[in-house]
file input-v2.cif (mmCIF, N, CA and C atoms)
data_upload
#
loop_
_atom_site.label_atom_id
_atom_site.label_comp_id
_atom_site.auth_asym_id
_atom_site.auth_seq_id
_atom_site.Cartn_x
_atom_site.Cartn_y
_atom_site.Cartn_z
N MET A 19 149.74 130.63 159.96
CA MET A 19 149.24 131.70 160.79
C MET A 19 150.36 132.11 161.76
N PRO A 20 150.71 133.37 161.83
CA PRO A 20 151.79 133.81 162.71
C PRO A 20 151.51 133.47 164.17
N GLY A 21 152.54 133.08 164.87
CA GLY A 21 152.42 132.78 166.29
C GLY A 21 152.07 131.34 166.61
N TRP A 22 151.62 130.57 165.62
CA TRP A 22 151.28 129.17 165.87
C TRP A 22 152.48 128.31 165.55
N LEU A 23 152.66 127.27 166.31
CA LEU A 23 153.78 126.37 166.12
C LEU A 23 153.36 125.23 165.19
N TYR A 24 153.93 125.24 164.00
CA TYR A 24 153.68 124.14 163.07
C TYR A 24 154.68 123.04 163.35
N ILE A 25 154.20 121.81 163.32
CA ILE A 25 155.06 120.66 163.55
C ILE A 25 154.88 119.68 162.40
N GLU A 26 155.77 118.72 162.32
CA GLU A 26 155.65 117.61 161.38
C GLU A 26 155.89 116.34 162.17
N ARG A 27 154.81 115.62 162.42
CA ARG A 27 154.87 114.43 163.26
C ARG A 27 154.17 113.29 162.54
N TYR A 28 154.85 112.16 162.46
CA TYR A 28 154.31 110.98 161.79
C TYR A 28 153.41 110.18 162.73
N PHE A 29 152.59 109.33 162.13
CA PHE A 29 151.69 108.44 162.86
C PHE A 29 152.45 107.66 163.94
N GLU A 30 153.62 107.15 163.62
CA GLU A 30 154.39 106.30 164.54
C GLU A 30 154.86 107.07 165.78
N GLU A 31 154.77 108.39 165.76
CA GLU A 31 155.24 109.19 166.89
C GLU A 31 154.16 109.47 167.93
N TYR A 32 152.94 109.04 167.66
CA TYR A 32 151.85 109.22 168.62
C TYR A 32 151.84 108.07 169.61
N VAL A 33 151.39 108.33 170.83
CA VAL A 33 151.34 107.34 171.89
C VAL A 33 149.96 107.41 172.56
N ILE A 34 149.33 106.25 172.71
CA ILE A 34 148.05 106.22 173.41
C ILE A 34 148.25 106.74 174.83
N GLY A 35 147.35 107.61 175.24
CA GLY A 35 147.42 108.20 176.58
C GLY A 35 148.07 109.56 176.62
N GLU A 36 148.75 109.95 175.54
CA GLU A 36 149.37 111.28 175.57
C GLU A 36 148.30 112.35 175.59
N ARG A 37 148.58 113.40 176.35
CA ARG A 37 147.65 114.52 176.51
C ARG A 37 148.33 115.81 176.08
N GLU A 38 147.51 116.71 175.60
CA GLU A 38 148.02 118.03 175.24
C GLU A 38 147.68 119.00 176.37
N PRO A 39 148.40 120.11 176.47
CA PRO A 39 148.06 121.09 177.52
C PRO A 39 146.64 121.61 177.33
N ASP A 40 145.93 121.79 178.44
CA ASP A 40 144.58 122.35 178.37
C ASP A 40 144.65 123.79 177.88
N ARG A 41 143.65 124.16 177.09
CA ARG A 41 143.55 125.53 176.60
C ARG A 41 142.18 126.06 176.98
N ARG A 42 142.07 127.37 177.15
CA ARG A 42 140.84 127.98 177.66
C ARG A 42 140.38 129.14 176.79
N ARG A 43 139.05 129.36 176.84
CA ARG A 43 138.47 130.54 176.21
C ARG A 43 137.12 130.82 176.86
N THR A 44 136.91 132.09 177.22
CA THR A 44 135.63 132.52 177.76
C THR A 44 134.72 132.92 176.60
N VAL A 45 133.48 132.45 176.66
CA VAL A 45 132.48 132.76 175.63
C VAL A 45 131.60 133.88 176.14
N ASP A 46 131.35 134.90 175.31
CA ASP A 46 130.43 135.95 175.73
C ASP A 46 129.24 136.02 174.77
N GLN A 47 128.25 136.82 175.15
CA GLN A 47 127.02 136.88 174.35
C GLN A 47 127.28 137.41 172.95
N SER A 48 128.30 138.25 172.78
CA SER A 48 128.60 138.73 171.42
C SER A 48 129.09 137.58 170.54
N ASP A 49 129.81 136.60 171.11
CA ASP A 49 130.20 135.41 170.35
C ASP A 49 128.96 134.66 169.88
N VAL A 50 127.99 134.51 170.78
CA VAL A 50 126.75 133.80 170.46
C VAL A 50 125.99 134.54 169.36
N ASN A 51 125.88 135.86 169.50
CA ASN A 51 125.16 136.66 168.50
C ASN A 51 125.84 136.61 167.14
N GLN A 52 127.17 136.67 167.12
CA GLN A 52 127.90 136.58 165.85
C GLN A 52 127.71 135.21 165.21
N PHE A 53 127.75 134.15 166.02
CA PHE A 53 127.56 132.80 165.50
C PHE A 53 126.14 132.65 164.94
N ALA A 54 125.15 133.21 165.63
CA ALA A 54 123.77 133.17 165.14
C ALA A 54 123.69 133.85 163.78
N GLY A 55 124.33 135.00 163.65
CA GLY A 55 124.32 135.72 162.37
C GLY A 55 125.03 134.96 161.27
N LEU A 56 126.13 134.32 161.61
CA LEU A 56 126.90 133.57 160.62
C LEU A 56 126.15 132.33 160.14
N THR A 57 125.49 131.64 161.06
CA THR A 57 124.85 130.36 160.72
C THR A 57 123.35 130.50 160.45
N LEU A 58 122.79 131.67 160.76
CA LEU A 58 121.35 131.93 160.64
C LEU A 58 120.53 131.09 161.62
N ASP A 59 121.16 130.69 162.72
CA ASP A 59 120.46 129.96 163.78
C ASP A 59 120.11 130.94 164.89
N PHE A 60 118.93 131.54 164.77
CA PHE A 60 118.46 132.52 165.73
C PHE A 60 117.43 131.91 166.68
N HIS A 61 117.58 130.65 167.01
CA HIS A 61 116.65 130.02 167.94
C HIS A 61 116.61 130.87 169.21
N PRO A 62 115.41 131.11 169.77
CA PRO A 62 115.32 131.97 170.95
C PRO A 62 116.08 131.44 172.17
N ALA A 63 116.40 130.16 172.21
CA ALA A 63 117.21 129.64 173.32
C ALA A 63 118.59 130.30 173.36
N HIS A 64 119.03 130.83 172.22
CA HIS A 64 120.35 131.45 172.12
C HIS A 64 120.31 132.97 172.20
N VAL A 65 119.23 133.58 171.70
CA VAL A 65 119.26 135.04 171.52
C VAL A 65 118.14 135.81 172.22
N ASP A 66 117.14 135.13 172.75
CA ASP A 66 116.01 135.81 173.38
C ASP A 66 116.05 135.58 174.89
N ARG A 67 116.45 136.61 175.62
CA ARG A 67 116.62 136.48 177.07
C ARG A 67 115.34 136.06 177.77
N THR A 68 114.21 136.66 177.42
CA THR A 68 112.94 136.34 178.08
C THR A 68 112.58 134.87 177.88
N TYR A 69 112.66 134.41 176.66
CA TYR A 69 112.35 133.01 176.36
C TYR A 69 113.33 132.08 177.07
N ALA A 70 114.61 132.33 176.92
CA ALA A 70 115.63 131.42 177.45
C ALA A 70 115.68 131.42 178.96
N ASP A 71 115.47 132.58 179.59
CA ASP A 71 115.49 132.63 181.06
C ASP A 71 114.39 131.77 181.65
N SER A 72 113.19 131.87 181.09
CA SER A 72 112.07 131.12 181.66
C SER A 72 112.16 129.62 181.36
N ARG A 73 112.71 129.27 180.23
CA ARG A 73 112.74 127.86 179.83
C ARG A 73 114.01 127.13 180.25
N TYR A 74 115.17 127.82 180.15
CA TYR A 74 116.47 127.17 180.38
C TYR A 74 117.31 127.81 181.48
N GLY A 75 116.79 128.82 182.12
CA GLY A 75 117.56 129.49 183.16
C GLY A 75 118.63 130.41 182.61
N GLY A 76 118.51 130.79 181.35
CA GLY A 76 119.47 131.69 180.69
C GLY A 76 119.68 131.28 179.25
N ARG A 77 120.24 132.21 178.49
CA ARG A 77 120.51 131.92 177.08
C ARG A 77 121.63 130.90 176.96
N LEU A 78 121.46 130.00 176.01
CA LEU A 78 122.41 128.91 175.79
C LEU A 78 123.35 129.23 174.64
N VAL A 79 124.59 128.82 174.78
CA VAL A 79 125.55 128.89 173.67
C VAL A 79 125.19 127.76 172.70
N HIS A 80 125.20 128.05 171.41
CA HIS A 80 124.93 127.01 170.41
C HIS A 80 125.85 125.81 170.64
N GLY A 81 125.29 124.61 170.50
CA GLY A 81 126.13 123.41 170.61
C GLY A 81 127.24 123.42 169.58
N MET A 82 126.93 123.86 168.36
CA MET A 82 127.96 123.84 167.32
C MET A 82 129.03 124.91 167.56
N LEU A 83 128.70 125.99 168.27
CA LEU A 83 129.73 126.97 168.65
C LEU A 83 130.64 126.34 169.70
N THR A 84 130.04 125.64 170.65
CA THR A 84 130.84 124.92 171.65
C THR A 84 131.76 123.91 170.95
N PHE A 85 131.19 123.14 170.01
CA PHE A 85 131.97 122.18 169.22
C PHE A 85 133.15 122.89 168.54
N ALA A 86 132.86 124.00 167.86
CA ALA A 86 133.90 124.71 167.11
C ALA A 86 134.99 125.25 168.03
N LEU A 87 134.61 125.77 169.18
CA LEU A 87 135.62 126.32 170.09
C LEU A 87 136.49 125.23 170.70
N VAL A 88 135.88 124.15 171.18
CA VAL A 88 136.67 123.08 171.80
C VAL A 88 137.58 122.41 170.76
N THR A 89 137.04 122.13 169.59
CA THR A 89 137.88 121.49 168.57
C THR A 89 138.96 122.45 168.09
N GLY A 90 138.62 123.72 167.95
CA GLY A 90 139.61 124.71 167.54
C GLY A 90 140.72 124.88 168.56
N LEU A 91 140.36 124.92 169.83
CA LEU A 91 141.37 125.04 170.88
C LEU A 91 142.29 123.82 170.92
N ASN A 92 141.80 122.69 170.46
CA ASN A 92 142.58 121.45 170.50
C ASN A 92 143.36 121.17 169.21
N VAL A 93 143.32 122.07 168.25
CA VAL A 93 144.01 121.83 166.98
C VAL A 93 145.50 121.63 167.23
N GLU A 94 146.00 120.55 166.65
CA GLU A 94 147.45 120.30 166.62
C GLU A 94 147.89 120.68 165.21
N TYR A 95 148.76 121.65 165.10
CA TYR A 95 149.16 122.16 163.79
C TYR A 95 150.23 121.26 163.17
N ASN A 96 149.83 120.00 162.95
CA ASN A 96 150.72 119.00 162.38
C ASN A 96 150.54 119.01 160.86
N LEU A 97 151.58 119.34 160.15
CA LEU A 97 151.51 119.42 158.69
C LEU A 97 151.43 118.04 158.03
N LYS A 98 151.55 116.98 158.81
CA LYS A 98 151.44 115.61 158.29
C LYS A 98 150.09 114.98 158.66
N ALA A 99 149.16 115.78 159.16
CA ALA A 99 147.85 115.26 159.60
C ALA A 99 146.73 116.13 159.03
N ILE A 100 145.58 115.48 158.85
CA ILE A 100 144.37 116.18 158.40
C ILE A 100 143.17 115.50 159.06
N SER A 101 142.14 116.26 159.30
CA SER A 101 140.95 115.69 159.93
C SER A 101 140.32 114.64 159.03
N TYR A 102 139.97 113.51 159.63
CA TYR A 102 139.32 112.40 158.93
C TYR A 102 137.84 112.33 159.31
N GLY A 103 137.50 112.91 160.48
CA GLY A 103 136.10 112.94 160.89
C GLY A 103 135.94 112.99 162.40
N TYR A 104 134.68 113.11 162.81
CA TYR A 104 134.33 113.19 164.22
C TYR A 104 133.28 112.13 164.53
N GLU A 105 133.35 111.56 165.72
CA GLU A 105 132.38 110.58 166.17
C GLU A 105 132.00 110.88 167.62
N LYS A 106 130.88 110.32 168.03
CA LYS A 106 130.44 110.36 169.43
C LYS A 106 130.39 111.78 169.97
N VAL A 107 129.81 112.69 169.21
CA VAL A 107 129.68 114.09 169.62
C VAL A 107 128.54 114.19 170.64
N ARG A 108 128.84 114.76 171.81
CA ARG A 108 127.85 114.89 172.88
C ARG A 108 127.96 116.26 173.55
N PHE A 109 126.80 116.75 174.02
CA PHE A 109 126.70 118.01 174.76
C PHE A 109 125.97 117.73 176.08
N PRO A 110 126.65 117.13 177.07
CA PRO A 110 125.97 116.67 178.27
C PRO A 110 125.49 117.75 179.25
N ALA A 111 125.97 118.97 179.09
CA ALA A 111 125.54 120.06 179.97
C ALA A 111 125.59 121.36 179.18
N PRO A 112 124.77 122.34 179.56
CA PRO A 112 124.72 123.58 178.79
C PRO A 112 125.94 124.47 179.00
N VAL A 113 126.18 125.31 178.01
CA VAL A 113 127.18 126.38 178.11
C VAL A 113 126.41 127.68 177.97
N ARG A 114 126.76 128.65 178.82
CA ARG A 114 126.11 129.96 178.78
C ARG A 114 127.16 131.05 178.60
N ALA A 115 126.72 132.18 178.07
CA ALA A 115 127.62 133.33 177.94
C ALA A 115 128.24 133.62 179.30
N GLY A 116 129.54 133.87 179.28
CA GLY A 116 130.28 134.10 180.52
C GLY A 116 131.02 132.87 180.99
N ASP A 117 130.66 131.69 180.48
CA ASP A 117 131.37 130.46 180.85
C ASP A 117 132.74 130.43 180.19
N THR A 118 133.69 129.83 180.89
CA THR A 118 135.01 129.60 180.33
C THR A 118 135.12 128.14 179.95
N LEU A 119 135.38 127.89 178.67
CA LEU A 119 135.57 126.52 178.19
C LEU A 119 137.03 126.12 178.40
N VAL A 120 137.22 124.94 178.93
CA VAL A 120 138.56 124.36 179.08
C VAL A 120 138.60 123.16 178.14
N ALA A 121 139.49 123.21 177.16
CA ALA A 121 139.58 122.17 176.14
C ALA A 121 140.71 121.21 176.47
N CYS A 122 140.38 119.91 176.48
CA CYS A 122 141.35 118.85 176.79
C CYS A 122 141.39 117.87 175.62
N ALA A 123 142.57 117.30 175.36
CA ALA A 123 142.71 116.31 174.29
C ALA A 123 143.62 115.18 174.76
N GLU A 124 143.21 113.94 174.41
CA GLU A 124 144.00 112.76 174.75
C GLU A 124 143.93 111.76 173.60
N VAL A 125 145.08 111.20 173.23
CA VAL A 125 145.12 110.16 172.20
C VAL A 125 144.57 108.88 172.83
N ILE A 126 143.52 108.32 172.18
CA ILE A 126 142.89 107.12 172.75
C ILE A 126 142.98 105.90 171.84
N ASP A 127 143.38 106.09 170.57
CA ASP A 127 143.46 104.93 169.67
C ASP A 127 144.38 105.24 168.51
N LEU A 128 145.07 104.20 168.05
CA LEU A 128 145.94 104.26 166.87
C LEU A 128 145.62 103.06 166.01
N GLN A 129 145.24 103.31 164.75
CA GLN A 129 144.86 102.22 163.87
C GLN A 129 145.49 102.39 162.49
N PRO A 130 145.83 101.27 161.85
CA PRO A 130 146.27 101.36 160.45
C PRO A 130 145.09 101.74 159.57
N HIS A 131 145.36 102.15 158.38
CA HIS A 131 144.33 102.49 157.40
C HIS A 131 144.50 101.58 156.19
N ARG A 132 143.46 101.44 155.39
CA ARG A 132 143.57 100.60 154.19
C ARG A 132 144.63 101.13 153.23
N LYS A 133 144.87 102.44 153.28
CA LYS A 133 145.99 103.01 152.51
C LYS A 133 147.22 102.94 153.39
N PRO A 134 148.22 102.19 153.02
CA PRO A 134 149.36 101.96 153.92
C PRO A 134 150.19 103.21 154.22
N GLU A 135 150.00 104.26 153.47
CA GLU A 135 150.82 105.46 153.70
C GLU A 135 150.27 106.36 154.81
N ILE A 136 149.10 106.00 155.37
CA ILE A 136 148.56 106.79 156.49
C ILE A 136 148.11 105.87 157.61
N GLY A 137 147.97 106.45 158.79
CA GLY A 137 147.39 105.78 159.94
C GLY A 137 146.34 106.69 160.54
N LEU A 138 145.46 106.13 161.36
CA LEU A 138 144.39 106.91 161.98
C LEU A 138 144.67 107.09 163.47
N VAL A 139 144.74 108.33 163.88
CA VAL A 139 144.93 108.70 165.28
C VAL A 139 143.59 109.22 165.79
N THR A 140 143.08 108.62 166.86
CA THR A 140 141.83 109.09 167.46
C THR A 140 142.16 109.80 168.76
N LYS A 141 141.67 111.04 168.85
CA LYS A 141 141.83 111.83 170.07
C LYS A 141 140.45 112.05 170.69
N LYS A 142 140.38 111.92 171.99
CA LYS A 142 139.15 112.28 172.70
C LYS A 142 139.28 113.73 173.11
N TYR A 143 138.32 114.53 172.65
CA TYR A 143 138.26 115.93 173.04
C TYR A 143 137.19 116.07 174.11
N THR A 144 137.52 116.78 175.16
CA THR A 144 136.58 117.06 176.22
C THR A 144 136.57 118.56 176.48
N GLY A 145 135.38 119.12 176.62
CA GLY A 145 135.23 120.51 177.01
C GLY A 145 134.60 120.58 178.38
N LEU A 146 135.24 121.29 179.28
CA LEU A 146 134.74 121.49 180.63
C LEU A 146 134.38 122.95 180.80
N ASN A 147 133.46 123.25 181.71
CA ASN A 147 133.26 124.65 182.04
C ASN A 147 134.18 125.02 183.21
N GLN A 148 134.08 126.25 183.66
CA GLN A 148 134.97 126.73 184.71
C GLN A 148 134.78 126.01 186.04
N ASP A 149 133.67 125.28 186.17
CA ASP A 149 133.41 124.51 187.39
C ASP A 149 133.83 123.05 187.27
N GLY A 150 134.43 122.68 186.12
CA GLY A 150 134.88 121.31 185.91
C GLY A 150 133.80 120.38 185.40
N VAL A 151 132.64 120.92 185.01
CA VAL A 151 131.54 120.12 184.48
C VAL A 151 131.79 119.86 183.00
N VAL A 152 131.64 118.60 182.58
CA VAL A 152 131.80 118.26 181.16
C VAL A 152 130.61 118.81 180.39
N VAL A 153 130.90 119.67 179.39
CA VAL A 153 129.85 120.28 178.57
C VAL A 153 129.92 119.80 177.12
N PHE A 154 131.00 119.11 176.77
CA PHE A 154 131.18 118.65 175.39
C PHE A 154 132.17 117.51 175.38
N SER A 155 131.93 116.54 174.48
CA SER A 155 132.94 115.51 174.22
C SER A 155 132.76 114.97 172.81
N CYS A 156 133.84 114.52 172.24
CA CYS A 156 133.79 113.86 170.93
C CYS A 156 135.10 113.12 170.71
N HIS A 157 135.09 112.28 169.67
CA HIS A 157 136.31 111.63 169.21
C HIS A 157 136.66 112.28 167.87
N HIS A 158 137.88 112.76 167.76
CA HIS A 158 138.36 113.35 166.51
C HIS A 158 139.38 112.38 165.91
N ILE A 159 139.10 111.96 164.68
CA ILE A 159 139.99 111.02 163.99
C ILE A 159 140.82 111.81 163.00
N LEU A 160 142.12 111.60 163.06
CA LEU A 160 143.07 112.27 162.17
C LEU A 160 143.72 111.24 161.26
N ALA A 161 143.84 111.59 159.99
CA ALA A 161 144.64 110.79 159.05
C ALA A 161 146.04 111.37 159.07
N VAL A 162 147.01 110.55 159.45
CA VAL A 162 148.38 111.03 159.64
C VAL A 162 149.33 110.22 158.77
N ASP A 163 150.23 110.93 158.10
CA ASP A 163 151.24 110.26 157.28
C ASP A 163 152.06 109.28 158.11
N ARG A 164 152.36 108.13 157.53
CA ARG A 164 153.27 107.16 158.15
C ARG A 164 154.68 107.47 157.70
N LYS A 165 155.64 107.04 158.51
CA LYS A 165 157.05 107.24 158.14
C LYS A 165 157.34 106.47 156.86
N PRO A 166 158.03 107.09 155.93
CA PRO A 166 158.37 106.37 154.70
C PRO A 166 159.36 105.23 154.99
N GLU A 167 159.25 104.16 154.23
CA GLU A 167 160.18 103.04 154.34
C GLU A 167 161.57 103.52 153.92
N GLN A 168 162.57 103.10 154.65
CA GLN A 168 163.93 103.54 154.31
C GLN A 168 164.81 102.39 153.93
#

call {"tool": "encode", "arguments": {"input": "input-v2.cif", "output": "structure tokens"}}
result
Amino acid sequence: MPGWLYIERYFEEYVIGEREPDRRRTVDQSDVNQFAGLTLDFHPAHVDRTYADSRYGGRLVHGMLTFALVTGLNVEYNLKAISYGYEKVRFPAPVRAGDTLVACAEVIDLQPHRKPEIGLVTKKYTGLNQDGVVVFSCHHILAVDRKPEQ
């Protein structure tokens, strides 16, 4: 994709505690409506102002849209890595249209894999709103190539 920086980084080059620069994106109601149309999730908490205002104090952004935005903002374009899975996915506070998501990533674990040619890098992803409230968290596990024996 033009404009994105592709890198090639081996498992051995990751360090526990390393953080990536925070990235931001404001979510608007058109994002929510498009996501509802794409996924066919038209729950009134997301798209019906009358219902959502009385029950939740406003329309809510889909949890999976929040997940997609925070994980997307945290993508490391490493050509030697691929997603292995996600764990501990949580949505501790709501996101509403107009909120700005701040995506943070930190390497929290490095483990060998049963296949000796890869290692597993676990990053903790955190999504904050513009007020610093945690609205999303998960662990993203990456399968990363190990340096070849020389």

call {"tool": "atom_distance", "arguments": {"input": "input-v2.cif", "atom1": "atom C of A:Gly116", "atom2": "atom CA of A:Asp46"}}
result
6.1 Å

call {"tool": "closest_residue", "arguments": {"input": "input-v2.cif", "among": "A:Ala121, A:Ala115, A:Val88, A:Val33", "to": "A:Gly76", "atoms": "only N, CA and C atoms"}}
result
A:Ala115

call {"tool": "closest_residue", "arguments": {"input": "input-v2.cif", "among": "A:Val162, A:Ala63, A:Leu58, A:Leu119", "to": "A:Leu87", "atoms": "only N, CA and C atoms"}}
result
A:Leu119

call {"tool": "residues_around", "arguments": {"input": "input-v2.cif", "residues": "A:His64", "least_positions_apart": "3", "cutoff": "9 Å", "atoms": "only C-alpha atoms", "output": "PDB file with N, CA and C atoms, in the coordinates of the input"}}
result
ATOM      1  N   GLN A  47     128.250 136.820 175.150  1.00  0.00           N
ATOM      2  CA  GLN A  47     127.020 136.880 174.350  1.00  0.00           C
ATOM      3  C   GLN A  47     127.280 137.410 172.950  1.00  0.00           C
ATOM      4  N   VAL A  50     127.990 134.510 170.780  1.00  0.00           N
ATOM      5  CA  VAL A  50     126.750 133.800 170.460  1.00  0.00           C
ATOM      6  C   VAL A  50     125.990 134.540 169.360  1.00  0.00           C
ATOM      7  N   ASN A  51     125.880 135.860 169.500  1.00  0.00           N
ATOM      8  CA  ASN A  51     125.160 136.660 168.500  1.00  0.00           C
ATOM      9  C   ASN A  51     125.840 136.610 167.140  1.00  0.00           C
ATOM     10  N   ALA A  54     125.150 133.210 165.630  1.00  0.00           N
ATOM     11  CA  ALA A  54     123.770 133.170 165.140  1.00  0.00           C
ATOM     12  C   ALA A  54     123.690 133.850 163.780  1.00  0.00           C
ATOM     13  N   ASP A  59     121.160 130.690 162.720  1.00  0.00           N
ATOM     14  CA  ASP A  59     120.460 129.960 163.780  1.00  0.00           C
ATOM     15  C   ASP A  59     120.110 130.940 164.890  1.00  0.00           C
ATOM     16  N   PHE A  60     118.930 131.540 164.770  1.00  0.00           N
ATOM     17  CA  PHE A  60     118.460 132.520 165.730  1.00  0.00           C
ATOM     18  C   PHE A  60     117.430 131.910 166.680  1.00  0.00           C
ATOM     19  N   HIS A  61     117.580 130.650 167.010  1.00  0.00           N
ATOM     20  CA  HIS A  61     116.650 130.020 167.940  1.00  0.00           C
ATOM     21  C   HIS A  61     116.610 130.870 169.210  1.00  0.00           C
ATOM     22  N   ARG A  67     116.450 136.610 175.620  1.00  0.00           N
ATOM     23  CA  ARG A  67     116.620 136.480 177.070  1.00  0.00           C
ATOM     24  C   ARG A  67     115.340 136.060 177.770  1.00  0.00           C
ATOM     25  N   ALA A  70     114.610 132.330 176.920  1.00  0.00           N
ATOM     26  CA  ALA A  70     115.630 131.420 177.450  1.00  0.00           C
ATOM     27  C   ALA A  70     115.680 131.420 178.960  1.00  0.00           C
ATOM     28  N   GLY A  76     118.510 130.790 181.350  1.00  0.00           N
ATOM     29  CA  GLY A  76     119.470 131.690 180.690  1.00  0.00           C
ATOM     30  C   GLY A  76     119.680 131.280 179.250  1.00  0.00           C
ATOM     31  N   ARG A  77     120.240 132.210 178.490  1.00  0.00           N
ATOM     32  CA  ARG A  77     120.510 131.920 177.080  1.00  0.00           C
ATOM     33  C   ARG A  77     121.630 130.900 176.960  1.00  0.00           C
ATOM     34  N   LEU A  78     121.460 130.000 176.010  1.00  0.00           N
ATOM     35  CA  LEU A  78     122.410 128.910 175.790  1.00  0.00           C
ATOM     36  C   LEU A  78     123.350 129.230 174.640  1.00  0.00           C
ATOM     37  N   VAL A  79     124.590 128.820 174.780  1.00  0.00           N
ATOM     38  CA  VAL A  79     125.550 128.890 173.670  1.00  0.00           C
ATOM     39  C   VAL A  79     125.190 127.760 172.700  1.00  0.00           C
ATOM     40  N   HIS A  80     125.200 128.050 171.410  1.00  0.00           N
ATOM     41  CA  HIS A  80     124.930 127.010 170.410  1.00  0.00           C
ATOM     42  C   HIS A  80     125.850 125.810 170.640  1.00  0.00           C
ATOM     43  N   ARG A 114     126.760 128.650 178.820  1.00  0.00           N
ATOM     44  CA  ARG A 114     126.110 129.960 178.780  1.00  0.00           C
ATOM     45  C   ARG A 114     127.160 131.050 178.600  1.00  0.00           C
TER      46      ARG A 114
END

call {"tool": "axis_aligned_box", "arguments": {"input": "input-v2.cif", "around": "stretch 83-88 of chain A", "padding_each_side": "4 Å", "output": "JSON"}}
result
{"center_x": 133.1, "center_y": 124.6, "center_z": 169.5, "size_x": 16.9, "size_y": 12.8, "size_z": 12.7}

call {"tool": "residues_around", "arguments": {"input": "input-v2.cif", "residues": "stretch 145-155 of chain A", "least_positions_apart": "5", "cutoff": "5 Å", "atoms": "only N, CA and C atoms", "output": "PyMOL selection string"}}
result
chain A and resi 106-111+118-121

call {"tool": "write_last_selection", "arguments": {"input": "input-v2.cif", "atoms": "N, CA and C atoms", "output": "CSV table (one decimal), keeping the file's coordinate frame"}}
result
chain,number,residue,atom,x,y,z
A,106,LYS,N,130.9,110.3,168.0
A,106,LYS,CA,130.4,110.4,169.4
A,106,LYS,C,130.4,111.8,170.0
A,107,VAL,N,129.8,112.7,169.2
A,107,VAL,CA,129.7,114.1,169.6
A,107,VAL,C,128.5,114.2,170.6
A,108,ARG,N,128.8,114.8,171.8
A,108,ARG,CA,127.8,114.9,172.9
A,108,ARG,C,128.0,116.3,173.6
A,109,PHE,N,126.8,116.8,174.0
A,109,PHE,CA,126.7,118.0,174.8
A,109,PHE,C,126.0,117.7,176.1
A,110,PRO,N,126.6,117.1,177.1
A,110,PRO,CA,126.0,116.7,178.3
A,110,PRO,C,125.5,117.8,179.2
A,111,ALA,N,126.0,119.0,179.1
A,111,ALA,CA,125.5,120.1,180.0
A,111,ALA,C,125.6,121.4,179.2
A,118,THR,N,133.7,129.8,180.9
A,118,THR,CA,135.0,129.6,180.3
A,118,THR,C,135.1,128.1,180.0
A,119,LEU,N,135.4,127.9,178.7
A,119,LEU,CA,135.6,126.5,178.2
A,119,LEU,C,137.0,126.1,178.4
A,120,VAL,N,137.2,124.9,178.9
A,120,VAL,CA,138.6,124.4,179.1
A,120,VAL,C,138.6,123.2,178.1
A,121,ALA,N,139.5,123.2,177.2
A,121,ALA,CA,139.6,122.2,176.1
A,121,ALA,C,140.7,121.2,176.5

call {"tool": "atom_distance", "arguments": {"input": "input-v2.cif", "atom1": "atom CA of A:Ser101", "atom2": "atom N of A:Phe85"}}
result
15.9 Å

call {"tool": "closest_residue", "arguments": {"input": "input-v2.cif", "among": "A:Gly137, A:Arg164, A:Cys122, A:Tyr28", "to": "A:Asn92", "atoms": "all atoms listed in the file"}}
result
A:Cys122

call {"tool": "atom_distance", "arguments": {"input": "input-v2.cif", "atom1": "atom N of A:Thr84", "atom2": "atom CA of A:Thr57"}}
result
12.2 Å
